[in-house]
Amino acid sequence: MHPQLQKLVALQDIEQMIAETQDQGKELEGMGFSIAGLEALKEKATKLAGEIEVRNLNYYRRLTGRFGHAVVPVVDNLCTGCFANIPASFVSATNENKLQKCESCGRILYWP
Amino acid sequence: MVIAEVLQHTSPELFLSDLKARNKPGVLSELVDKLVAGSPNITKRDAVLQMLESREALGSTAVGPGVAFPHGRTLAVQRLTVLIARSRKGVDFDSVDGEPTHLFFVLIAPPQDSGHKYIKSLAALTEKLQDANLRKTLLAAEDFATFCAALRED
Ligand SMILES: [Zn+2]
């Protein structure tokens, strides 16, 4: 996998965890889970974001603002963001070193 | 959400009868290896491991007694997946009460799931596992089927 994509996926996972903890912290604490590490987690997200190339990070931020999720999985050759067809050529070896974007909605594509 | 519904998201391939690892990083790694081996839909080992490690940074999921619930959402899975593991000797999983952890219920969910199935599953499990007798039975259960049968009982 493209190393930048790997970091973007990790960043999106962490940012969702932070958002959910802020939304549902009480519910989680009710189950006995501590959320004391929220600040540490935010620091981790900041550090991770710092490892991503600025233009990729800016693109990720723009998409997140517009769609909620910037990176979306491709399932059955479909972009799960907009359900446009993703050509099979997108997964070819020559494309492995590029960040792939959906031609229809622009979201960053991920093959889970 | 009832336990029977939660158990629909696991399988005998997602059951580790006795963990080999003896410490927290080792256990997390062994759990993720089993998730990848036991679930055809999970292939991105590193992404899942990284998410679970981040979750532990938020606060230990070993809320006990003797039980941990490593959980979270990641792009690397497409549906809610539940893995069950045991450690007969018990491991130091940084538990809230400082006691060793013997039972592990791992819940991995995709970024979006309708109706918060994942949070409800987590709530059902944490509540059910409050029962000390049940925990004892689960630790002694011979196999996956016996384990699940005990968990389903009221
Ligand atoms: Zn799209």
# chains A, B, ... in the order shown; residues from 1 in each chain; ligands from 1
>>> residues_around(residues="A:Met17", least_positions_apart="2", cutoff="9 Å", atoms="only C-alpha atoms", output="VMD selection string")
(chain A and resid 12 to 15 19 to 22 41) or (chain B and resid 51 54 to 55 72 to 73)
>>> residues_near_ligand(ligand="ligand 1", cutoff="10 Å", atoms="only C-alpha atoms and all ligand atoms", output="ChimeraX atom specification")
/A:71-74,78-86,101-109
>>> closest_atom_pairs(of="chain B", to="chain A", cutoff="10 Å", atoms="only C-alpha atoms", output="tab-separated table")
residue	atom	partner	partner_atom	distance
B:Asn41	CA	A:Pro112	CA	7.9
B:Ile42	CA	A:Pro112	CA	7.3
B:Thr43	CA	A:Pro112	CA	6.8
B:Lys44	CA	A:Pro112	CA	6.6
B:Asp46	CA	A:Gln6	CA	8.9
B:Ala47	CA	A:Ala10	CA	6.5
B:Val48	CA	A:Ala10	CA	9.0
B:Gln50	CA	A:Ala10	CA	7.1
B:Met51	CA	A:Asp13	CA	6.6
B:Leu52	CA	A:Ile14	CA	9.9
B:Ser54	CA	A:Leu41	CA	6.9
B:Arg55	CA	A:Met17	CA	7.7
B:Glu56	CA	A:Gly37	CA	8.5
B:Ala57	CA	A:Gly37	CA	5.9
B:Leu58	CA	A:Gly37	CA	3.9
B:Gly59	CA	A:Ser34	CA	5.2
B:Ser60	CA	A:Ser34	CA	7.1
B:Thr61	CA	A:Phe33	CA	6.4
B:Ala62	CA	A:Phe33	CA	8.3
B:Val63	CA	A:Gly32	CA	6.0
B:Gly64	CA	A:Gly32	CA	8.7
B:Phe69	CA	A:Phe33	CA	9.4
B:Gly72	CA	A:Met17	CA	7.3
B:Arg73	CA	A:Asp13	CA	6.7
B:Thr74	CA	A:Asp13	CA	5.4
B:Leu75	CA	A:Pro73	CA	6.8
B:Ala76	CA	A:Pro112	CA	5.0
B:Val77	CA	A:Pro112	CA	6.6
B:Gln78	CA	A:Pro112	CA	7.8
B:Val96	CA	A:Ser34	CA	8.8
B:Pro110	CA	A:Asp13	CA	9.7
B:Pro111	CA	A:Asp13	CA	7.8
B:Gln112	CA	A:His69	CA	9.9
B:Ile119	CA	A:Leu28	CA	8.6
B:Leu122	CA	A:Met31	CA	8.3
B:Ala123	CA	A:Met31	CA	6.4
B:Ala124	CA	A:Met31	CA	9.4
B:Leu125	CA	A:Met31	CA	9.5
B:Thr126	CA	A:Met31	CA	6.4
B:Glu127	CA	A:Met31	CA	7.5
>>> select_by_dssp(residues="stretch 2-100 of chain A", states="strand (DSSP E)", output="JSON, numbers by chain")
{"A": [71, 72, 73, 74, 75, 78, 79]}
>>> write_last_selection(atoms="all heavy atoms", output="PDB file, in the first residue's frame")
ATOM      1  N   VAL A  71     -11.338   9.303   3.037  1.00  0.00           N
ATOM      2  CA  VAL A  71     -10.877   8.041   2.460  1.00  0.00           C
ATOM      3  C   VAL A  71     -12.041   7.056   2.517  1.00  0.00           C
ATOM      4  O   VAL A  71     -12.674   6.905   3.565  1.00  0.00           O
ATOM      5  CB  VAL A  71      -9.670   7.467   3.236  1.00  0.00           C
ATOM      6  CG1 VAL A  71      -9.040   6.296   2.477  1.00  0.00           C
ATOM      7  CG2 VAL A  71      -8.626   8.540   3.507  1.00  0.00           C
ATOM      8  N   VAL A  72     -12.316   6.422   1.391  1.00  0.00           N
ATOM      9  CA  VAL A  72     -13.430   5.457   1.378  1.00  0.00           C
ATOM     10  C   VAL A  72     -12.978   4.128   0.784  1.00  0.00           C
ATOM     11  O   VAL A  72     -12.135   4.093  -0.108  1.00  0.00           O
ATOM     12  CB  VAL A  72     -14.647   5.983   0.574  1.00  0.00           C
ATOM     13  CG1 VAL A  72     -15.293   7.173   1.265  1.00  0.00           C
ATOM     14  CG2 VAL A  72     -14.265   6.311  -0.854  1.00  0.00           C
ATOM     15  N   PRO A  73     -13.543   3.034   1.298  1.00  0.00           N
ATOM     16  CA  PRO A  73     -13.184   1.745   0.727  1.00  0.00           C
ATOM     17  C   PRO A  73     -13.833   1.499  -0.642  1.00  0.00           C
ATOM     18  O   PRO A  73     -14.946   1.974  -0.894  1.00  0.00           O
ATOM     19  CB  PRO A  73     -13.710   0.739   1.756  1.00  0.00           C
ATOM     20  CG  PRO A  73     -14.731   1.459   2.555  1.00  0.00           C
ATOM     21  CD  PRO A  73     -14.423   2.920   2.460  1.00  0.00           C
ATOM     22  N   VAL A  74     -13.099   0.795  -1.486  1.00  0.00           N
ATOM     23  CA  VAL A  74     -13.660   0.346  -2.767  1.00  0.00           C
ATOM     24  C   VAL A  74     -14.179  -1.071  -2.540  1.00  0.00           C
ATOM     25  O   VAL A  74     -13.442  -1.953  -2.102  1.00  0.00           O
ATOM     26  CB  VAL A  74     -12.578   0.327  -3.870  1.00  0.00           C
ATOM     27  CG1 VAL A  74     -13.147  -0.221  -5.171  1.00  0.00           C
ATOM     28  CG2 VAL A  74     -12.024   1.732  -4.070  1.00  0.00           C
ATOM     29  N   VAL A  75     -15.460  -1.259  -2.763  1.00  0.00           N
ATOM     30  CA  VAL A  75     -16.061  -2.581  -2.573  1.00  0.00           C
ATOM     31  C   VAL A  75     -16.773  -2.971  -3.860  1.00  0.00           C
ATOM     32  O   VAL A  75     -17.548  -2.177  -4.404  1.00  0.00           O
ATOM     33  CB  VAL A  75     -17.062  -2.565  -1.381  1.00  0.00           C
ATOM     34  CG1 VAL A  75     -17.680  -3.944  -1.184  1.00  0.00           C
ATOM     35  CG2 VAL A  75     -16.371  -2.116  -0.095  1.00  0.00           C
ATOM     36  N   LEU A  78     -16.696  -0.524  -6.655  1.00  0.00           N
ATOM     37  CA  LEU A  78     -17.455   0.717  -6.527  1.00  0.00           C
ATOM     38  C   LEU A  78     -16.830   1.605  -5.465  1.00  0.00           C
ATOM     39  O   LEU A  78     -16.372   1.113  -4.426  1.00  0.00           O
ATOM     40  CB  LEU A  78     -18.910   0.433  -6.120  1.00  0.00           C
ATOM     41  CG  LEU A  78     -19.804  -0.342  -7.089  1.00  0.00           C
ATOM     42  CD1 LEU A  78     -21.163  -0.592  -6.446  1.00  0.00           C
ATOM     43  CD2 LEU A  78     -19.980   0.413  -8.405  1.00  0.00           C
ATOM     44  N   CYS A  79     -16.818   2.911  -5.728  1.00  0.00           N
ATOM     45  CA  CYS A  79     -16.449   3.886  -4.708  1.00  0.00           C
ATOM     46  C   CYS A  79     -17.618   3.902  -3.724  1.00  0.00           C
ATOM     47  O   CYS A  79     -18.751   4.195  -4.119  1.00  0.00           O
ATOM     48  CB  CYS A  79     -16.267   5.264  -5.351  1.00  0.00           C
ATOM     49  SG  CYS A  79     -16.315   6.625  -4.155  1.00  0.00           S
TER      50      CYS A  79
END
>>> residues_around(residues="B:Asp154", least_positions_apart="2", cutoff="10 Å", atoms="only C-alpha atoms", output="list in words")
Ile3, Lys128, Leu134, Ala150, Leu151 and Arg152 of chain B
>>> write_last_selection(atoms="N, CA and C atoms", output="tab-separated table (two decimals), in the first residue's frame")
chain	number	residue	atom	x	y	z
B	3	ILE	N	-27.22	-10.91	23.46
B	3	ILE	CA	-25.94	-11.58	23.23
B	3	ILE	C	-25.97	-12.45	21.97
B	128	LYS	N	-23.06	-8.12	30.39
B	128	LYS	CA	-23.14	-9.57	30.61
B	128	LYS	C	-21.95	-10.10	31.42
B	134	LEU	N	-20.43	-16.51	35.47
B	134	LEU	CA	-20.34	-16.65	34.01
B	134	LEU	C	-18.88	-16.62	33.57
B	150	ALA	N	-22.81	-20.92	26.96
B	150	ALA	CA	-22.79	-20.34	28.32
B	150	ALA	C	-23.08	-18.84	28.25
B	151	LEU	N	-22.55	-18.20	27.24
B	151	LEU	CA	-22.72	-16.76	27.09
B	151	LEU	C	-24.18	-16.40	26.76
B	152	ARG	N	-24.82	-17.30	26.02
B	152	ARG	CA	-26.22	-17.05	25.62
B	152	ARG	C	-27.20	-17.23	26.76
>>> residues_around(residues="stretch 14-28 of chain B", least_positions_apart="6", cutoff="7 Å", atoms="only C-alpha atoms", output="compact mmCIF listing (two decimals) with C-alpha atoms, in the first residue's frame")
# COMPACT_ATOMS: atom_id res chain seq x y z
CA LYS B 34 -6.20 -14.29 14.44
CA LEU B 35 -8.62 -11.69 13.03
CA GLY B 38 -10.11 -16.12 10.72
CA LEU B 83 -13.15 -12.17 18.10
CA ILE B 84 -13.05 -14.01 21.41
CA ALA B 85 -9.84 -15.05 23.15
CA ARG B 86 -8.76 -16.46 26.47
CA SER B 87 -5.58 -16.56 28.45
CA ARG B 88 -5.67 -19.24 31.10
CA VAL B 91 -1.84 -11.38 31.16
CA ASP B 92 -1.03 -7.89 32.30
CA PHE B 93 -3.27 -5.83 30.02
CA PHE B 144 -16.23 -22.43 21.10
>>> select_by_dssp(residues="stretch 8-135 of chain B", states="helix (DSSP H, G or I)", output="PyMOL selection string")
chain B and resi 12-14+24-38+45-58+114-128+132-135
>>> closest_residue(among="A:Lys98, A:Ala88, A:Leu8, A:Pro3", to="A:Asn58", atoms="only C-alpha atoms")
A:Leu8
>>> closest_residue(among="B:Ser11, B:Pro65, B:Val6, B:Val36", to="B:Gln130", atoms="only C-alpha atoms")
B:Pro65
